[in-house]
Each structure stands twice: as C-alpha cells, then as structure tokens.
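Peer 1: One structure follows; several queries about it will come next.
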Amino acid sequence: MKSIRALLRHLLSSRLTLSLLTCLLSVGLIQPTMANPIAADEVSVAPLLNGETIPDIQLFDSKGKSVSLKALSAQKPTVFFFYRGGWCPFCNNQLGQLKEIEPKLIELGYQLVGISPDSPAKLAEAAGERKLDYLLLSDANMDAARAFGLAFFTSEKTTQTYLSRMKLENPLFKTPEGDERLVLPVPAVYITDTQGLVHFQYVNPNFRVRPAPKLILTAAELARQQG
C-alpha cells in the first residue's frame with residue numbers, strides 16, 4: 001500500500017485537477033492528516049523530498065524534554081540525520097564522522113540534530129561515551145520516521161536477530177497481517193532552512209552506506225547560498 005504522500009505525488013504527476021483532488025479529500029479517499037503508514041520493507045519507503053516542508057513533530061531529548069522539530073528548525077538552518085540506534089556500528093561510525101564536521105557546519109550557521117528510536121537514557125549514554133555536543137532526539141514511537149516517510153517493518157528474521165543479539169528494548173509494531181515486528185528508520189540526512197523547507201535529502205535503504213562528510217558539507221554550503 002502506498003503512503004499518502006506517494007499517492008498524492010502520483011495524482012499530481014498524472015496532471016489531475018485541483019477540483020478532483022478536493023473531491024477525493026471530501027469523500028475520504030485521501031486523509032492528509034493521517035500518519036504515513038509504515039512501509040513493508042526498506043525499499044518501499046516514500047521519503048520526504050527536496051522542496052517539501054518538514055512536519056511538526058514532538059520528540060524528546062536525552063533529558064526527557066519535549067522538543068518541536070518545527071520550532072527547532074526555525075532557530076537556524078538544520079542538518080537532521082536519522083540513524084538506527086547506538087547499537088548499530090554503521091551508525092556509530094556516522095556519529096563520529098558528523099562530530100568531526102560539526103565545527104564547519106556551525107561556521108556555516110547550521111545546527112546538527114540526530115534522530116533515532118533510542119530512548120532518552122540511551123541517547124544520554126551515547127552522547128557521553130562519544131563526547132557529542134550536538135543534539136540527539138528520541139523517536140521511540142517512530143512518529144518522526146513515519147512523518148518523514150522513512151519507517152519500515154523489519155523482517156521476522158531480522159526482528160528476532162536484533163532483539164536477541166543486540167538486546168534492543170524498542171517497542172514492537174503490528175504489521176497489517178497482525179505480526180509483531182521491529183520498526184526502524186531508513187538512515188537519512190535532511191538539510192533544511194529556517195522555514196523548515198528541505199533543500200537536500202539523502203536516503204539510502206542500504207544501511208551500510210552513509211553519505212560522505214564532504215558531501216554533507218558541500219550540500220550545506222550550497223543550501224546556504226540558495227537561502
């Protein structure tokens with residue numbers, strides 16, 4: 001089943017008129033306020049694209065304080081990155097790479113914000129161990145991952161493997177078939193302005209591949225020039 005965002009894109013690409021879209025909304029075939037469904041797998045996600053605006057989602061920082069993504073991005077241009085959790089070696093490598101380029105991002109006027117399913121306590125632990133200065137936010141209920149179109153169900157085998165080997169405490173979600181599965185975000189990077197408008201996005205279903213720090217810096221520089 002396609003997400004609401006994917007359906008709207010299809011309709012618009014088919015040159016349907018605004019009146020027809022309004023009709024579909026009025027009869028309930030499209031629900032714009034509905035949360036995006038969780039994708040069946042990592043290659044089926046429908047991520048937020050360049051030119052779209054980030055959703056206003058409330059998350060929690062490492063101290064358990066509620067943080068609005070909209071209000072946060074309004075403070076200054078932001079580099080948001082979604083990662084799977086502090087248990088993931090590829091994510092830990094990315095956390096370190098971003099730490100190295102954070103001073104240059106700050107010089108460009110950006111703030112760096114990481115989002116993962118980890119609990120606030122896990123975030124605090126990770127920040128302390130790795131001496132991270134940038135903000136980490138907890139998306140345990142996958143609200144942000146779903147709103148950005150990044151959330152997906154892991155397979156039964158992957159769910160059992162991660163729960164047993166990684167000792168994850170993440171909540172499980174029910175699939176349309178009624179099976180309980182682990183839900184993760186496809187790793188992604190978003191660069192936004194103070195209006196919450198996306199100027200750059202990198203989304204890769206292959207969790208082993210993350211964008212090079214130089215690519216993120218170049219994209220940030222270009223986005224600032226556009227702003």
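Identifiers for the structure tokens are assigned positionally: chains receive A, B, ... in sequence, residues are indexed from 1 per chain, and ligands are indexed from 1 in the order shown.
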Using only C-alpha atoms, which residues of stretch 56-97 of chain A come within 12 Å of stretch 210-213 of chain A, and what is the closest atom pair for each, with the distance in Å to one decimal? Give it as JSON lines, sorted by chain and residue number.
Peer 2:
```
{"residue": "A:Val79", "atom": "CA", "partner": "A:Pro213", "partner_atom": "CA", "distance": 11.9}
{"residue": "A:Phe81", "atom": "CA", "partner": "A:Arg210", "partner_atom": "CA", "distance": 10.4}
{"residue": "A:Phe82", "atom": "CA", "partner": "A:Arg210", "partner_atom": "CA", "distance": 10.7}
{"residue": "A:Tyr83", "atom": "CA", "partner": "A:Arg210", "partner_atom": "CA", "distance": 9.8}
{"residue": "A:Arg84", "atom": "CA", "partner": "A:Arg210", "partner_atom": "CA", "distance": 12.0}
{"residue": "A:Pro89", "atom": "CA", "partner": "A:Arg210", "partner_atom": "CA", "distance": 11.9}
{"residue": "A:Phe90", "atom": "CA", "partner": "A:Arg210", "partner_atom": "CA", "distance": 8.1}
{"residue": "A:Cys91", "atom": "CA", "partner": "A:Arg210", "partner_atom": "CA", "distance": 8.6}
{"residue": "A:Asn92", "atom": "CA", "partner": "A:Arg210", "partner_atom": "CA", "distance": 11.2}
{"residue": "A:Asn93", "atom": "CA", "partner": "A:Arg210", "partner_atom": "CA", "distance": 9.4}
{"residue": "A:Gln94", "atom": "CA", "partner": "A:Arg210", "partner_atom": "CA", "distance": 7.2}
{"residue": "A:Leu95", "atom": "CA", "partner": "A:Pro213", "partner_atom": "CA", "distance": 10.7}
{"residue": "A:Gly96", "atom": "CA", "partner": "A:Pro213", "partner_atom": "CA", "distance": 10.3}
{"residue": "A:Gln97", "atom": "CA", "partner": "A:Pro213", "partner_atom": "CA", "distance": 6.5}
```
Peer 1: Put those residues in a file: all heavy atoms, as a compact mmCIF listing (two decimals), in the first residue's frame.
Peer 2:
```
# COMPACT_ATOMS: atom_id res chain seq x y z
N VAL A 79 20.81 20.50 9.98
CA VAL A 79 21.13 19.22 9.35
C VAL A 79 20.55 18.15 10.25
O VAL A 79 21.06 17.90 11.35
CB VAL A 79 22.65 19.02 9.19
CG1 VAL A 79 22.94 17.62 8.62
CG2 VAL A 79 23.25 20.09 8.29
N PHE A 81 19.69 14.21 10.85
CA PHE A 81 20.05 12.88 10.34
C PHE A 81 19.35 11.81 11.17
O PHE A 81 19.28 11.87 12.39
CB PHE A 81 21.56 12.68 10.31
CG PHE A 81 22.24 12.59 11.67
CD1 PHE A 81 22.54 11.35 12.24
CD2 PHE A 81 22.58 13.74 12.36
CE1 PHE A 81 23.17 11.27 13.48
CE2 PHE A 81 23.21 13.67 13.60
CZ PHE A 81 23.51 12.43 14.16
N PHE A 82 18.79 10.84 10.46
CA PHE A 82 18.11 9.71 11.08
C PHE A 82 19.06 8.52 11.09
O PHE A 82 19.68 8.20 10.07
CB PHE A 82 16.85 9.34 10.29
CG PHE A 82 15.69 10.28 10.46
CD1 PHE A 82 15.64 11.48 9.78
CD2 PHE A 82 14.64 9.96 11.31
CE1 PHE A 82 14.57 12.36 9.92
CE2 PHE A 82 13.56 10.82 11.48
CZ PHE A 82 13.53 12.03 10.78
N TYR A 83 19.18 7.87 12.24
CA TYR A 83 20.01 6.68 12.34
C TYR A 83 19.28 5.61 13.15
O TYR A 83 18.31 5.89 13.85
CB TYR A 83 21.37 7.01 12.95
CG TYR A 83 21.37 7.48 14.38
CD1 TYR A 83 21.78 6.64 15.41
CD2 TYR A 83 20.98 8.79 14.72
CE1 TYR A 83 21.80 7.08 16.73
CE2 TYR A 83 21.00 9.22 16.03
CZ TYR A 83 21.41 8.36 17.04
OH TYR A 83 21.42 8.80 18.35
N ARG A 84 19.73 4.38 13.04
CA ARG A 84 19.00 3.24 13.60
C ARG A 84 19.14 3.10 15.10
O ARG A 84 18.26 2.57 15.76
CB ARG A 84 19.45 1.96 12.91
CG ARG A 84 19.35 2.06 11.40
CD ARG A 84 19.45 0.73 10.70
NE ARG A 84 20.60 -0.06 11.12
CZ ARG A 84 20.70 -1.37 10.96
NH1 ARG A 84 19.70 -2.04 10.39
NH2 ARG A 84 21.78 -2.04 11.32
N PRO A 89 26.81 -0.42 14.48
CA PRO A 89 28.18 0.02 14.23
C PRO A 89 28.29 1.03 13.10
O PRO A 89 29.13 1.94 13.16
CB PRO A 89 28.93 -1.28 13.91
CG PRO A 89 27.87 -2.24 13.48
CD PRO A 89 26.67 -1.89 14.28
N PHE A 90 27.46 0.90 12.09
CA PHE A 90 27.49 1.85 10.97
C PHE A 90 27.00 3.22 11.43
O PHE A 90 27.50 4.26 10.98
CB PHE A 90 26.65 1.33 9.81
CG PHE A 90 27.12 0.02 9.27
CD1 PHE A 90 26.56 -1.18 9.70
CD2 PHE A 90 28.16 -0.04 8.35
CE1 PHE A 90 26.99 -2.40 9.22
CE2 PHE A 90 28.61 -1.26 7.86
CZ PHE A 90 28.04 -2.44 8.30
N CYS A 91 26.02 3.21 12.33
CA CYS A 91 25.51 4.46 12.88
C CYS A 91 26.56 5.12 13.78
O CYS A 91 26.74 6.34 13.75
CB CYS A 91 24.23 4.21 13.68
SG CYS A 91 22.87 3.54 12.71
N ASN A 92 27.24 4.32 14.57
CA ASN A 92 28.27 4.86 15.45
C ASN A 92 29.39 5.50 14.64
O ASN A 92 29.95 6.54 15.03
CB ASN A 92 28.83 3.76 16.35
CG ASN A 92 27.86 3.39 17.46
OD1 ASN A 92 27.09 4.23 17.92
ND2 ASN A 92 27.88 2.15 17.89
N ASN A 93 29.72 4.90 13.52
CA ASN A 93 30.74 5.47 12.65
C ASN A 93 30.27 6.81 12.10
O ASN A 93 31.04 7.79 12.05
CB ASN A 93 31.04 4.51 11.49
CG ASN A 93 32.16 5.00 10.61
OD1 ASN A 93 33.25 5.33 11.06
ND2 ASN A 93 31.90 5.06 9.30
N GLN A 94 29.00 6.88 11.74
CA GLN A 94 28.44 8.14 11.24
C GLN A 94 28.40 9.21 12.33
O GLN A 94 28.70 10.38 12.06
CB GLN A 94 27.03 7.91 10.69
CG GLN A 94 26.42 9.15 10.07
CD GLN A 94 25.00 8.92 9.57
OE1 GLN A 94 24.25 8.13 10.16
NE2 GLN A 94 24.63 9.57 8.49
N LEU A 95 28.06 8.80 13.54
CA LEU A 95 28.04 9.76 14.65
C LEU A 95 29.41 10.41 14.81
O LEU A 95 29.52 11.62 15.05
CB LEU A 95 27.65 9.06 15.95
CG LEU A 95 26.20 8.59 16.09
CD1 LEU A 95 26.03 7.75 17.36
CD2 LEU A 95 25.24 9.76 16.10
N GLY A 96 30.47 9.61 14.68
CA GLY A 96 31.82 10.14 14.79
C GLY A 96 32.19 11.03 13.64
O GLY A 96 32.84 12.09 13.83
N GLN A 97 31.81 10.67 12.42
CA GLN A 97 32.11 11.49 11.25
C GLN A 97 31.43 12.85 11.34
O GLN A 97 32.02 13.88 11.00
CB GLN A 97 31.65 10.77 9.98
CG GLN A 97 32.49 9.55 9.61
CD GLN A 97 31.99 8.87 8.36
OE1 GLN A 97 30.81 9.02 7.99
NE2 GLN A 97 32.85 8.14 7.69
```
Peer 1: Find the nearest atom pair between each residue of stretch 43-123 of chain A and stretch 198-204 of chain A for residues within 9 Å, count only C-alpha atoms, give distances in Å to one decimal, sort rows by chain and ascending number, and present the table as a Markdown table.
Peer 2:
```
| residue | atom | partner | partner_atom | distance |
| --- | --- | --- | --- | --- |
| A:Val43 | CA | A:Asn204 | CA | 8.7 |
| A:Pro47 | CA | A:Val203 | CA | 7.5 |
| A:Leu48 | CA | A:Gln201 | CA | 8.1 |
| A:Leu49 | CA | A:Gln201 | CA | 6.7 |
| A:Asn50 | CA | A:Val198 | CA | 4.9 |
| A:Gly51 | CA | A:Val198 | CA | 5.3 |
| A:Glu52 | CA | A:Val198 | CA | 5.7 |
| A:Thr53 | CA | A:Val198 | CA | 5.9 |
| A:Ile54 | CA | A:Val198 | CA | 7.0 |
```
Peer 1: Please identify the strand (DSSP E or B) residues within stretch 162-212 of chain A (assignment by DSSP from backbone atoms) and present them as a VMD selection string.
Peer 2: chain A and resid 172 to 174 180 to 185 188 to 192 197 to 203
Peer 1: Here is a test: counting only C-alpha atoms, which residue of A:Leu217, A:Leu59, A:Ile191, A:Val186 is nearest to A:Asp41?
Peer 2: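 Of A:Leu217, A:Leu59, A:Ile191, A:Val186, the one nearest A:Asp41 is A:Val186, counting only C-alpha atoms.
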Peer 1: What is the distance, in Å and to one decimal place, between atom CA of A:Leu136 and atom CA of A:Glu180?
Peer 2: 27.0 Å
Peer 1: Give the answer as one residue: which of A:Ala219, A:Val67, A:Leu132, A:Ile115 has the shortest atom-to-atom distance to A:Ala145, using only C-alpha atoms?
Peer 2: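 Looking at the shortest contact to A:Ala145, the residue is A:Ile115.
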Peer 1: Using only C-alpha atoms, which residues sit within 8 Å of A:Tyr134 once same-chain residues fewer than 4 positions away are excluded, as a list in words?
Peer 2: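 Result of the neighbour search: Lys99, Glu102, Gln111, Leu112, Val113 and Gly114 of chain A.
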Peer 1: The selected residues should be written to file as a PDB file, in the first residue's frame (atoms: all heavy atoms).
Peer 2:
```
ATOM      1  N   LYS A  99      30.545  14.343  14.081  1.00  0.00           N
ATOM      2  CA  LYS A  99      31.210  15.100  15.138  1.00  0.00           C
ATOM      3  C   LYS A  99      32.401  15.864  14.575  1.00  0.00           C
ATOM      4  O   LYS A  99      32.655  17.021  14.953  1.00  0.00           O
ATOM      5  CB  LYS A  99      31.675  14.152  16.251  1.00  0.00           C
ATOM      6  CG  LYS A  99      32.463  14.851  17.357  1.00  0.00           C
ATOM      7  CD  LYS A  99      32.974  13.845  18.388  1.00  0.00           C
ATOM      8  CE  LYS A  99      33.833  14.555  19.434  1.00  0.00           C
ATOM      9  NZ  LYS A  99      34.353  13.599  20.440  1.00  0.00           N
ATOM     10  N   GLU A 102      31.132  18.882  12.547  1.00  0.00           N
ATOM     11  CA  GLU A 102      30.214  19.805  13.232  1.00  0.00           C
ATOM     12  C   GLU A 102      30.770  21.224  13.325  1.00  0.00           C
ATOM     13  O   GLU A 102      30.016  22.184  13.082  1.00  0.00           O
ATOM     14  CB  GLU A 102      29.857  19.288  14.628  1.00  0.00           C
ATOM     15  CG  GLU A 102      28.828  20.183  15.316  1.00  0.00           C
ATOM     16  CD  GLU A 102      28.580  19.805  16.771  1.00  0.00           C
ATOM     17  OE1 GLU A 102      29.402  19.063  17.339  1.00  0.00           O
ATOM     18  OE2 GLU A 102      27.583  20.269  17.336  1.00  0.00           O
ATOM     19  N   GLN A 111      22.875  23.957  12.729  1.00  0.00           N
ATOM     20  CA  GLN A 111      22.871  23.114  13.912  1.00  0.00           C
ATOM     21  C   GLN A 111      22.700  21.672  13.437  1.00  0.00           C
ATOM     22  O   GLN A 111      22.086  21.418  12.404  1.00  0.00           O
ATOM     23  CB  GLN A 111      21.750  23.500  14.880  1.00  0.00           C
ATOM     24  CG  GLN A 111      20.352  23.385  14.297  1.00  0.00           C
ATOM     25  CD  GLN A 111      19.277  23.852  15.260  1.00  0.00           C
ATOM     26  OE1 GLN A 111      19.492  23.912  16.468  1.00  0.00           O
ATOM     27  NE2 GLN A 111      18.099  24.199  14.739  1.00  0.00           N
ATOM     28  N   LEU A 112      23.258  20.749  14.185  1.00  0.00           N
ATOM     29  CA  LEU A 112      23.236  19.329  13.821  1.00  0.00           C
ATOM     30  C   LEU A 112      22.329  18.588  14.798  1.00  0.00           C
ATOM     31  O   LEU A 112      22.473  18.725  16.018  1.00  0.00           O
ATOM     32  CB  LEU A 112      24.660  18.777  13.879  1.00  0.00           C
ATOM     33  CG  LEU A 112      24.918  17.341  13.434  1.00  0.00           C
ATOM     34  CD1 LEU A 112      24.493  17.130  11.987  1.00  0.00           C
ATOM     35  CD2 LEU A 112      26.415  17.034  13.590  1.00  0.00           C
ATOM     36  N   VAL A 113      21.389  17.808  14.274  1.00  0.00           N
ATOM     37  CA  VAL A 113      20.410  17.115  15.109  1.00  0.00           C
ATOM     38  C   VAL A 113      20.264  15.660  14.659  1.00  0.00           C
ATOM     39  O   VAL A 113      19.946  15.393  13.491  1.00  0.00           O
ATOM     40  CB  VAL A 113      19.028  17.801  15.047  1.00  0.00           C
ATOM     41  CG1 VAL A 113      18.016  17.046  15.902  1.00  0.00           C
ATOM     42  CG2 VAL A 113      19.132  19.259  15.483  1.00  0.00           C
ATOM     43  N   GLY A 114      20.496  14.733  15.569  1.00  0.00           N
ATOM     44  CA  GLY A 114      20.341  13.314  15.266  1.00  0.00           C
ATOM     45  C   GLY A 114      19.043  12.773  15.825  1.00  0.00           C
ATOM     46  O   GLY A 114      18.633  13.128  16.928  1.00  0.00           O
TER      47      GLY A 114
END
```
Peer 1: Would you work out the distance separating atom CA of A:Leu105 from atom CA of A:Ala46, expressed in Å to one decimal?
Peer 2: 27.6 Å
Peer 1: Of the candidates A:Met166, A:Ala40, A:Ile101, A:Leu150, which shows the shortest atom-to-atom distance to A:Ala220, using only C-alpha atoms?
Peer 2: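 Nearest to A:Ala220: A:Ile101.
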Peer 1: Would you mind writing down, as a PyMOL selection string, each residue of stretch 2-207 of chain A that DSSP on the backbone assigns to alpha helix (DSSP H)?
Peer 2: chain A and resi 4-13+18-26+69-75+89-107+120-130+143-147+156-165
Peer 1: Provide the atom CA of A:Glu156 to atom CA of A:Glu177 distance in Å, to one decimal place.
Peer 2: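 Those two atoms sit 12.3 Å apart.
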